[in-house]
Each structure stands twice: as structure tokens, then as C-alpha cells.
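Undergrad: Quick one: the structure is below, questions incoming.
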Amino acid sequence: MKRRRCKGAAVIELENVAYSYGGGELLSEISLTLQPGSFHFLTGPSGAGKTTLLKLCYGALVPTAGHLSLFETEVRSMTRDDIALARRRIGVVHQDCQFLDHLPVADNIALPLTVSGRDTLEQESNLKELTAWVGLSHRAHAFPPELSGGERQRAALARAVIMSPDVVLADEPTGNVDWEMSLRLLHLLAELNRMGKTIMIATHDLALIRAAKTQVQARVLRISNRRLQLAGADL
Amino acid sequence: MSRETRGAFAIVAGDAQADRVVPPTGFTAWLTLFSAAAMAFLAVFAVALALATGRLADRWSEELARTSTVRISAPEGQMAAQTEAALKVLRTTEGVKSARALSDTEQRELLEPWFGPDVPVEALPIPRLIEIVETGEGYDPQGLRLRLSAEVPGAVLDDHTRWRRPLVRAAGRLRFLGWVSLALIGGATAAMITLAARAALAANSQVISVLRLVGARDSYIAQAFVRRFTLRALTGAAVGAALGVVAILLLPRAQAEGGFLTGLGFQGVHWLWPLAVPPLAALVGYVATRAAALGTLRDLP
């Protein structure tokens with residue numbers, strides 16, 4: 001896969017993308033460009049297609065129409081290995097987190113480094129730094145089922161950024177946590193954005209979006225009737 | 001280093017971190033171990049069968065091909081003269097190494113299994129047998145038959161062809177069946193390991209989903225399963241092959257009067273054959289699991 005890194009070039013680009021499943025169209029005429037260092041909120045009612053759009057953005061789904069580029073490469077021309085390599089540049093945080101429950105938290109956070117064959121020393125140094133950053137140093141040897149909702153979200157965020165990805169996509173990252181923890185997670189994501197990472201958060205929590213506006217310059221997008229529209233004015 | 005060599009090296013050397021990404025327990029572990037052990041046990045017997053029937057076919061073929069018999073049926077007063085005449089013909093026949101008439105004692109021993117030890121051979125009108133041992137080149141049976149019919153009217157040459165051919169053919173087919181059994185055992189092992197691998201992949205769909213999410217390639221995910229199943233097949237087959245060898249050792253010893261079954265086993269360097277069973281089972285496990293894993297991963301979204 002080509003890894004061209006032009007300053008200012010879009011990291012993820014969708015052009016008139018549609019996605020259909022089971023005979024019904026879930027998304028239609030979606031055009032979106034994620035520029036390096038940008039911060040996006042994706043909002044809309046439950047079932048509007050926020051998760052589907054995020055899955056398109058990390059190559060888990062392929063559009064049924066239109067063009068989707070990941071790091072300037074058309075997704076349809078990418079092999080399965082190319083998609084895997086692209087995902088190492090995209091950190092993903094799910095609402096249900098998805099961990100390997102038989103491995104300790106530290107190993108789960110280091111999983112992207114493990115699968116990419118990075119050496120153990122590098123893993124250890126990155127891991128210490130990250131577990132401290134997300135406030136989980138004392139829980140590194142616990143197993144995922146032993147963590148609280150907030151701890152799981154922070155562990156998922158640490159795993160998403162351990163490879164120092166270009167983009168972080170978060171799907172309802174604050175769905176299972178209290179307001180205080182939501183703000184803490186938001187603060188971590190804003191900090192990543194200040195470090196130059198592209199962030200896109202799918203959420204239906206409008207209070208979180210309002211809180212974010214005091215920390216970052218965010219663009220708010222809404223999915224309505226299968227289409228994407230700018231929704232900043234009413235927030 | 002080629003991709004295959006690297007793959008084989010990775011199987012042996014392993015990757016401690018990669019090994020841990022797949023949960024270590026599950027019913028498929030026992031299924032693979034048990035089926036590999038059972039199949040290796042049967043494979044040892046199949047190899048023993050193939051080798052034993054091979055030996056039998058060679059022995060029958062060789063022994064029967066080197067000897068033949070002349071049977072003299074004549075009135076009592078002419079028996080000695082016709083026997084002497086036949087021996088004279090045989091001694092001057094090219095391809096006959098030696099020829100001798102069996103004594104009364106030897107003929108009695110031949111009849112003993114059917115009539116008991118006290119059979120009065122002298123009182124019975126039984127024909128005289130002449131044993132012929134051939135040279136390496138052998139004689140011309142048609143020519144010898146013509147000469148005997150001209151000079152010894154009561155002589156009948158039996159070069160064993162009639163019953164030698166079906167025996168050798170039967171032994172050859174048994175040997176073939178032994179190897180076919182071995183191939184079927186290999187196929188059945190591959191099928192069982194494939195099923196176990198697919199079950200393991202299905203049971204670990206969540207693990208696969210997480211690994212993909214963090215950027216694991218299909219080859220990395222497959223490798224984690226392949227190594228585990230290959231090592232299980234190797235371990236199970238080693239146990240099964242060892243038990244198979246013990247069972248073969250416990251079979252009755254081959255004896256002169258023993259039938260084919262008492263000769264089932266290994267001789268000389270053939271004892272090394274069971275050593276090949278575990279690596280072959282591991283190879284079958286590797287190929288089957290790799291195909292199953294890559295196929296399943298290709299089918300997953």
C-alpha cells in the first residue's frame with residue numbers, strides 16, 4: 001500500500017458514498033473529508049448510521065456506491081493486508097470496547113504493537129507512558145472483566161493510540177460512563193487532537209459536544225434521513 | 001529464506017506473544033489430540049500391514065519361483081524306473097540346479113497334517129514327488145513337459161504357476177490396501193482437524209474481531225491457530241504412534257507354522273517407520289488448519 005504523507009492531504013475521504021445492506025440503503029450520498037488534525041463529532045438518532053459510517057472509515061465495510069479513500073488509496077483497490085496496515089494508522093474505540101478477556105489489561109493495550117511485531121522494549125516503554133496517561137497504571141495487571149465502565153473506555157482509548165495513529169475514531173465512547181468520566185475521556189481526546197491527531201467521535205450526547213467546544217475547534221455533523229449534513233448551528 | 005521455510009520455522013520456534021492472543025482452552029484441543037492419537041495408532045497398524053504383506057508377497061514370489069515339482073504316477077512295479085528316468089531327464093535339463101526324489105519319510109511328513117502321524121505311506125498308492133530347484137535363469141517349462149511326456153509317461157510337471165500367481169496377486173493387493181488405508185487415515189485426520197479448527201475459529205470470532213480491529217493481518221491470525229493445532233496433532237500422534245508400537249510388540253511372534261497374522265509387525269529398519277507418523281500427522285495438521293483458517297478468515301467480513 002502506498003503511504004504517501006502529503007501535508008494537508010485528507011486522511012479519510014468519502015465522495016458520494018452509499019451503503020446498502022439487506023436490500024435497504026443505510027447511507028446515501030455521503031461526502032466527507034477528514035483533514036489531518038481536524039476534530040469531528042458525528043451525531044444523529046439511534047440507528048441513523050453513525051456506526052456504519054465509522055466502520056466505512058476504518059475499512060470494516062466497503063461502500064456499495066461512491067468512492068472512499070483511506071490515506072489517499074481507494075479502498076476497493078486495497079488488499080486485505082492493505083486494510084490491516086491502514087488500521088494500524090487508525091485507532092478505534094468502541095462503545096463495548098472489545099477486549100481479549102483472557103489477557104491482562106496491559107497486554108490488551110499493547111495488542112496493536114504485538115500484532116505489528118514491534119519489539120518488547122518499545123512495547124514496555126509505550127505501555128508505561130500510556131497507562132499513566134489514561135490513569136490505569138494500577139490496573140495494568142487486572143483482566144478486562146474486572147474493570148469498571150470508565151476504566152474499560154480509558155483502556156480502549158489507550159489501545160487505540162498506542163501505535164500513534166493518524167486518526168482516532170470513537171463510537172459512543174461515553175455511552176457507558178458517568179458525566180465526570182465522559183469529560184475526562186473528552187479531555188484525553190482533545191489532548192490527542194492538540195498533538196495533531198484527527199479525531200471523529202460518534203455520539204448522541206449533545207451536552208458532551210457543547211462541553212467539547214470549550215476545548216477544541218470541532219465540526220459537528222449530523223446523519224439524518226441517510227444523509228450527512230453540517231449541524232453546528234443548533235448546538 | 002522462502003515463505004514456506006519461514007512458516008515451518010515459525011511453527012517450530014513459535015512466538016510467545018502471538019501464541020497468547022488465542023485463548024488456550026476449549027473442546028477442540030481435546031478433539032484434536034484424541035483424533036490425532038487414534039489415527040496415529042491406526043496408521044502404525046496400516047504401515048505394519050502394508051510392510052508385512054509386502055514381505056509376504058516377495059517371499060511367496062521368490063520361494064515359489066525358484067522351486068517346482070514333478071509328480072510320478074505309475075504302477076507299483078514301474079515307479080522306481082520312471083522316477084530314475086525323470087531324474088535323468090531333469091539332470092540334463094538346462095536351468096535345473098538340482099532334482100531329487102522325496103523319501104518316504106518326507107512324503108509322510110507332508111501328509112501328516114491331513115492323515116496323522118501313523119499313515120502307512122508304503123501301503124497307499126500315492127505318487128512319488130521329485131523336488132526341482134531352479135538356477136537363477138530357470139528352465140523352459142514347455143520344453144521340459146514335452147521331454148517328460150516323451151520319456152516318462154507318468155510324470156506331471158507342476159511349476160506352481162497356477163497357484164503362485166493368485167497368491168502373489170492377493171498379497172500385492174493386501175499391500176496396496178495397507179497403503180490405501182494409510183491414505184484414508186491421513187484424509188480422515190485432515191478432515192477432523194479441519195472441523196476442529198473451524199470450530200475453534202467460530203468459537204473465537206470475538207478474538208478475531210478484536211485482532212482485526214487492531215490491524216492484525218489474516219496470516220498473523222491464522223498462524224496463531226495453525227501453530228496450536230499443528231503442535232496438538234504432533235503431540236497426539238506421538239502418543240498414538242507410541243501406543244501402536246507397543247501394541248505391535250505385544251502381538252504373538254511370527255513362527256514357521258504361524259499364519260499371516262503372526263507375521264504382522266516390523267522387521268529391521270522398518271521399525272523406523274512409526275517415527276515418521278507424528279511428523280506426517282503434524283504436516284497434515286498444519287496444511288488442514290492453515291487452509292481452514294485462511295478460508296474462514298476470507299469468508300468473515
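Chain labels follow the order of the C-alpha cells: the first chain is A, the next B, and so on; residue numbering restarts at 1 in every chain, and ligands are counted from 1 in their shown order.
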Would you kindly report the residues of chain B within 7 Å of chain A, using only C-alpha atoms, as a ChimeraX atom specification?

TA: /B:17,23,207,210,212-217

Undergrad: Would you mind exporting the chosen residues as a CSV table (one decimal), in the first residue's frame, restricted to all heavy atoms?

TA:
chain,number,residue,atom,x,y,z
B,17,GLN,N,4.3,-14.2,22.2
B,17,GLN,CA,3.2,-13.2,22.3
B,17,GLN,C,2.0,-13.6,21.4
B,17,GLN,O,0.9,-13.5,21.8
B,17,GLN,CB,3.8,-11.9,22.0
B,17,GLN,CG,4.6,-11.3,23.1
B,17,GLN,CD,5.0,-9.9,22.8
B,17,GLN,OE1,5.4,-9.5,21.7
B,17,GLN,NE2,4.9,-9.0,23.8
B,23,PRO,N,-7.2,-17.8,23.1
B,23,PRO,CA,-7.4,-18.5,24.4
B,23,PRO,C,-7.0,-20.0,24.3
B,23,PRO,O,-7.3,-20.6,23.3
B,23,PRO,CB,-8.9,-18.4,24.7
B,23,PRO,CG,-9.4,-17.3,23.9
B,23,PRO,CD,-8.5,-17.2,22.7
B,207,VAL,N,-12.4,-12.9,19.4
B,207,VAL,CA,-10.9,-12.7,19.3
B,207,VAL,C,-10.5,-12.2,18.0
B,207,VAL,O,-9.7,-11.2,17.8
B,207,VAL,CB,-10.2,-14.0,19.7
B,207,VAL,CG1,-8.7,-13.9,19.5
B,207,VAL,CG2,-10.5,-14.4,21.2
B,210,VAL,N,-11.4,-8.6,17.4
B,210,VAL,CA,-10.5,-7.6,18.1
B,210,VAL,C,-9.2,-7.5,17.4
B,210,VAL,O,-8.6,-6.4,17.2
B,210,VAL,CB,-10.3,-8.1,19.6
B,210,VAL,CG1,-9.2,-7.2,20.3
B,210,VAL,CG2,-11.6,-8.0,20.4
B,212,ARG,N,-8.5,-8.0,14.3
B,212,ARG,CA,-8.6,-7.3,13.0
B,212,ARG,C,-8.7,-5.8,13.3
B,212,ARG,O,-8.2,-5.0,12.6
B,212,ARG,CB,-9.9,-7.7,12.3
B,212,ARG,CG,-9.6,-9.0,11.6
B,212,ARG,CD,-10.7,-9.3,10.7
B,212,ARG,NE,-10.3,-10.2,9.6
B,212,ARG,CZ,-11.2,-10.9,8.9
B,212,ARG,NH1,-12.5,-10.7,9.1
B,212,ARG,NH2,-10.7,-11.7,7.9
B,213,LEU,N,-9.4,-5.5,14.4
B,213,LEU,CA,-9.6,-4.1,14.7
B,213,LEU,C,-8.3,-3.4,15.0
B,213,LEU,O,-8.2,-2.2,14.7
B,213,LEU,CB,-10.5,-4.0,16.0
B,213,LEU,CG,-11.1,-2.6,16.4
B,213,LEU,CD1,-12.1,-2.1,15.4
B,213,LEU,CD2,-11.7,-2.7,17.8
B,214,VAL,N,-7.4,-4.1,15.6
B,214,VAL,CA,-6.1,-3.5,15.9
B,214,VAL,C,-5.0,-3.7,14.8
B,214,VAL,O,-3.9,-3.4,15.0
B,214,VAL,CB,-5.5,-4.0,17.3
B,214,VAL,CG1,-6.5,-3.7,18.4
B,214,VAL,CG2,-5.2,-5.5,17.2
B,215,GLY,N,-5.5,-4.2,13.6
B,215,GLY,CA,-4.6,-4.2,12.5
B,215,GLY,C,-3.8,-5.5,12.3
B,215,GLY,O,-2.8,-5.5,11.6
B,216,ALA,N,-4.4,-6.6,12.8
B,216,ALA,CA,-3.7,-7.9,12.6
B,216,ALA,C,-4.0,-8.4,11.1
B,216,ALA,O,-5.1,-8.3,10.7
B,216,ALA,CB,-4.1,-8.9,13.6
B,217,ARG,N,-3.0,-8.9,10.5
B,217,ARG,CA,-3.2,-9.5,9.1
B,217,ARG,C,-3.8,-10.9,9.3
B,217,ARG,O,-3.6,-11.5,10.3
B,217,ARG,CB,-1.9,-9.6,8.4
B,217,ARG,CG,-1.2,-8.3,8.1
B,217,ARG,CD,0.1,-8.6,7.3
B,217,ARG,NE,0.9,-7.5,7.4
B,217,ARG,CZ,1.8,-7.2,6.4
B,217,ARG,NH1,2.0,-8.1,5.4
B,217,ARG,NH2,2.6,-6.2,6.5

Undergrad: Considering only strand (DSSP E) as DSSP defines it on the backbone, what residues of stretch 18-265 of chain B qualify? List them as an NGL selection string.

TA: :B and (67-72 or 96-101 or 128-134 or 155-158)

Undergrad: Just want the 8 Å neighbourhood of stretch 283-298 of chain B, counted on only C-alpha atoms, with same-chain residues fewer than 2 positions away dropped. Output as a PDB file with N, CA, C and O atoms, in the first residue's frame.

TA:
ATOM      1  N   GLY B 186      -4.897 -40.593   6.732  1.00  0.00           N
ATOM      2  CA  GLY B 186      -4.402 -39.218   6.581  1.00  0.00           C
ATOM      3  C   GLY B 186      -5.532 -38.262   6.225  1.00  0.00           C
ATOM      4  O   GLY B 186      -5.657 -37.176   6.796  1.00  0.00           O
ATOM      5  N   THR B 189      -7.817 -37.772   9.194  1.00  0.00           N
ATOM      6  CA  THR B 189      -7.162 -36.886  10.177  1.00  0.00           C
ATOM      7  C   THR B 189      -7.301 -35.430   9.735  1.00  0.00           C
ATOM      8  O   THR B 189      -7.649 -34.552  10.531  1.00  0.00           O
ATOM      9  N   ALA B 190      -7.038 -35.201   8.443  1.00  0.00           N
ATOM     10  CA  ALA B 190      -7.150 -33.830   7.911  1.00  0.00           C
ATOM     11  C   ALA B 190      -8.567 -33.312   8.092  1.00  0.00           C
ATOM     12  O   ALA B 190      -8.777 -32.161   8.498  1.00  0.00           O
ATOM     13  N   ALA B 191      -9.570 -34.178   7.810  1.00  0.00           N
ATOM     14  CA  ALA B 191     -10.972 -33.746   7.923  1.00  0.00           C
ATOM     15  C   ALA B 191     -11.303 -33.393   9.374  1.00  0.00           C
ATOM     16  O   ALA B 191     -11.945 -32.364   9.642  1.00  0.00           O
ATOM     17  N   ILE B 193      -9.238 -32.545  11.834  1.00  0.00           N
ATOM     18  CA  ILE B 193      -8.518 -31.343  12.288  1.00  0.00           C
ATOM     19  C   ILE B 193      -9.134 -30.094  11.659  1.00  0.00           C
ATOM     20  O   ILE B 193      -9.257 -29.053  12.311  1.00  0.00           O
ATOM     21  N   THR B 194      -9.565 -30.222  10.400  1.00  0.00           N
ATOM     22  CA  THR B 194     -10.224 -29.089   9.744  1.00  0.00           C
ATOM     23  C   THR B 194     -11.489 -28.698  10.499  1.00  0.00           C
ATOM     24  O   THR B 194     -11.727 -27.510  10.772  1.00  0.00           O
ATOM     25  N   ALA B 197     -10.544 -27.103  13.733  1.00  0.00           N
ATOM     26  CA  ALA B 197     -10.013 -25.752  13.517  1.00  0.00           C
ATOM     27  C   ALA B 197     -11.139 -24.768  13.209  1.00  0.00           C
ATOM     28  O   ALA B 197     -11.172 -23.648  13.730  1.00  0.00           O
ATOM     29  N   ARG B 198     -12.087 -25.217  12.385  1.00  0.00           N
ATOM     30  CA  ARG B 198     -13.217 -24.335  12.060  1.00  0.00           C
ATOM     31  C   ARG B 198     -14.055 -24.054  13.298  1.00  0.00           C
ATOM     32  O   ARG B 198     -14.522 -22.924  13.503  1.00  0.00           O
ATOM     33  N   LEU B 201     -12.178 -21.529  15.333  1.00  0.00           N
ATOM     34  CA  LEU B 201     -12.273 -20.191  14.743  1.00  0.00           C
ATOM     35  C   LEU B 201     -13.646 -19.579  15.016  1.00  0.00           C
ATOM     36  O   LEU B 201     -13.758 -18.394  15.346  1.00  0.00           O
ATOM     37  N   ASP B 218      -4.498 -11.332   8.241  1.00  0.00           N
ATOM     38  CA  ASP B 218      -5.092 -12.676   8.283  1.00  0.00           C
ATOM     39  C   ASP B 218      -4.023 -13.733   8.547  1.00  0.00           C
ATOM     40  O   ASP B 218      -4.267 -14.708   9.265  1.00  0.00           O
ATOM     41  N   SER B 219      -2.841 -13.538   7.954  1.00  0.00           N
ATOM     42  CA  SER B 219      -1.785 -14.544   8.121  1.00  0.00           C
ATOM     43  C   SER B 219      -1.358 -14.633   9.583  1.00  0.00           C
ATOM     44  O   SER B 219      -1.059 -15.708  10.093  1.00  0.00           O
ATOM     45  N   ALA B 222      -4.218 -16.450  11.412  1.00  0.00           N
ATOM     46  CA  ALA B 222      -4.200 -17.873  11.045  1.00  0.00           C
ATOM     47  C   ALA B 222      -3.043 -18.581  11.731  1.00  0.00           C
ATOM     48  O   ALA B 222      -3.195 -19.683  12.255  1.00  0.00           O
ATOM     49  N   GLN B 223      -1.879 -17.909  11.764  1.00  0.00           N
ATOM     50  CA  GLN B 223      -0.677 -18.524  12.346  1.00  0.00           C
ATOM     51  C   GLN B 223      -0.888 -18.917  13.807  1.00  0.00           C
ATOM     52  O   GLN B 223      -0.424 -19.966  14.250  1.00  0.00           O
ATOM     53  N   PHE B 225      -3.574 -19.885  15.209  1.00  0.00           N
ATOM     54  CA  PHE B 225      -4.354 -21.125  15.272  1.00  0.00           C
ATOM     55  C   PHE B 225      -3.550 -22.301  14.706  1.00  0.00           C
ATOM     56  O   PHE B 225      -3.555 -23.396  15.257  1.00  0.00           O
ATOM     57  N   VAL B 226      -2.857 -22.055  13.594  1.00  0.00           N
ATOM     58  CA  VAL B 226      -2.136 -23.125  12.902  1.00  0.00           C
ATOM     59  C   VAL B 226      -1.081 -23.741  13.811  1.00  0.00           C
ATOM     60  O   VAL B 226      -0.979 -24.966  13.946  1.00  0.00           O
ATOM     61  N   ARG B 227      -0.298 -22.888  14.477  1.00  0.00           N
ATOM     62  CA  ARG B 227       0.768 -23.397  15.346  1.00  0.00           C
ATOM     63  C   ARG B 227       0.175 -24.287  16.436  1.00  0.00           C
ATOM     64  O   ARG B 227       0.673 -25.374  16.719  1.00  0.00           O
ATOM     65  N   PHE B 229      -2.712 -25.932  16.523  1.00  0.00           N
ATOM     66  CA  PHE B 229      -3.267 -27.200  16.036  1.00  0.00           C
ATOM     67  C   PHE B 229      -2.171 -28.138  15.545  1.00  0.00           C
ATOM     68  O   PHE B 229      -2.271 -29.346  15.705  1.00  0.00           O
ATOM     69  N   THR B 230      -1.121 -27.575  14.959  1.00  0.00           N
ATOM     70  CA  THR B 230      -0.020 -28.414  14.484  1.00  0.00           C
ATOM     71  C   THR B 230       0.655 -29.105  15.659  1.00  0.00           C
ATOM     72  O   THR B 230       0.944 -30.302  15.619  1.00  0.00           O
ATOM     73  N   ALA B 233      -1.573 -31.830  16.987  1.00  0.00           N
ATOM     74  CA  ALA B 233      -1.550 -33.015  16.108  1.00  0.00           C
ATOM     75  C   ALA B 233      -0.255 -33.792  16.327  1.00  0.00           C
ATOM     76  O   ALA B 233      -0.269 -35.027  16.404  1.00  0.00           O
ATOM     77  N   PRO B 279       5.501 -36.687  12.656  1.00  0.00           N
ATOM     78  CA  PRO B 279       5.746 -35.528  11.785  1.00  0.00           C
ATOM     79  C   PRO B 279       4.753 -35.444  10.624  1.00  0.00           C
ATOM     80  O   PRO B 279       4.335 -34.353  10.245  1.00  0.00           O
ATOM     81  N   LEU B 280       4.361 -36.627  10.084  1.00  0.00           N
ATOM     82  CA  LEU B 280       3.376 -36.603   8.995  1.00  0.00           C
ATOM     83  C   LEU B 280       2.032 -36.083   9.497  1.00  0.00           C
ATOM     84  O   LEU B 280       1.361 -35.308   8.809  1.00  0.00           O
ATOM     85  N   ALA B 281       1.648 -36.502  10.710  1.00  0.00           N
ATOM     86  CA  ALA B 281       0.380 -36.019  11.288  1.00  0.00           C
ATOM     87  C   ALA B 281       0.458 -34.509  11.506  1.00  0.00           C
ATOM     88  O   ALA B 281      -0.512 -33.777  11.255  1.00  0.00           O
ATOM     89  N   LEU B 300     -15.092 -14.241   6.510  1.00  0.00           N
ATOM     90  CA  LEU B 300     -15.573 -13.291   7.517  1.00  0.00           C
ATOM     91  C   LEU B 300     -15.525 -11.871   6.962  1.00  0.00           C
ATOM     92  O   LEU B 300     -14.631 -11.544   6.184  1.00  0.00           O
ATOM     93  N   PRO B 301     -16.478 -11.011   7.356  1.00  0.00           N
ATOM     94  CA  PRO B 301     -16.466  -9.633   6.831  1.00  0.00           C
ATOM     95  C   PRO B 301     -15.252  -8.854   7.328  1.00  0.00           C
ATOM     96  O   PRO B 301     -14.725  -9.149   8.378  1.00  0.00           O
TER      97      PRO B 301
END

Undergrad: From the options B:Ala81, B:Val44, B:Ala57, B:Ala123, which residue's atoms come nearest to B:Ala171, counting only C-alpha atoms?

TA: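 Of the candidates, the smallest distance to B:Ala171 is held by B:Ala57.
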
Undergrad: Tell me, as a PyMOL selection string, which residues lie within 8 Å of B:Thr32, counting only C-alpha atoms; anything in the same chain fewer than 3 positions away does not count.

TA: chain B and resi 28-29+35-36+192-193+196+229+232-233+236

Undergrad: Between atom CA of A:Ser28 and atom CA of A:Glu15, what is the distance in Å, rounded to a tenth?

TA: 10.4 Å

Undergrad: Taking 2 positions as the minimum chain separation for residues in the same chain, which residues sit within 10 Å of A:Arg194 when counting only C-alpha atoms? Answer as a VMD selection string.

TA: chain A and resid 37 to 39 188 to 192 196 to 198 215 to 216

Undergrad: Take the selection from the previous step and output its residues with C-alpha atoms, as a compact mmCIF listing (two decimals), in the first residue's frame.

TA:
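This went into part.txt:
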# COMPACT_ATOMS: atom_id res chain seq x y z
CA GLY A 37 -5.58 17.43 12.85
CA SER A 38 -9.32 18.03 12.45
CA PHE A 39 -11.91 17.21 15.12
CA LEU A 188 -7.91 12.92 26.61
CA LEU A 189 -9.28 13.04 23.05
CA ALA A 190 -8.83 16.81 22.92
CA GLU A 191 -5.26 16.38 24.09
CA LEU A 192 -4.66 13.89 21.25
CA GLY A 196 -2.08 16.63 15.66
CA LYS A 197 -4.30 13.56 15.56
CA THR A 198 -7.51 13.57 13.52
CA GLN A 215 -11.65 22.74 24.47
CA VAL A 216 -11.32 22.17 20.71

Undergrad: Kindly give the distance, in Å, that separates atom CA of B:Arg169 and atom CA of B:Ile185, rounded to a single decimal.

TA: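 So the two atoms, atom CA of B:Arg169 and atom CA of B:Ile185, lie 24.1 Å apart.
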
Undergrad: Expressed in Å to a single decimal, how great is the separation between atom CA of A:Glu13 and atom CA of A:Thr33?

TA: 4.5 Å

Undergrad: When you count only C-alpha atoms, which of these residues is closest to B:Gly95: B:Leu111, B:Ser73, B:Gly136, B:Leu182?

TA: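 Among the listed residues, B:Gly136 lies closest to B:Gly95.
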
Undergrad: Among stretch 57-234 of chain A, which ones does DSSP assign to alpha helix (DSSP H) (computed from the backbone)? Answer as an MDAnalysis selection string.

TA: chainID A and resid 57 80:87 105:109 111:115 120:133 149:161 179:194 206:212

Undergrad: Give the answer as one residue: which of A:Ile12, A:Leu53, A:His138, A:Gly149 has the shortest atom-to-atom distance to A:Leu34, using only C-alpha atoms?

TA: A:Ile12

Undergrad: Can you tell me which residues surround B:Ala43 at a distance of at most 12 Å, considering only C-alpha atoms, apart from same-chain residues fewer than 5 positions away, and format the answer as number ranges by chain?

TA: B: 35-38, 48-50, 178-189, 237-238, 240-245, 248, 273-278, 280-281

Undergrad: Which neighbours of B:Leu102 fall inside 8 Å, counting only C-alpha atoms, when residues of the same chain fewer than 2 positions from it are skipped, and could you give them as number ranges by chain?

TA: B: 100, 104, 106-107, 128-131
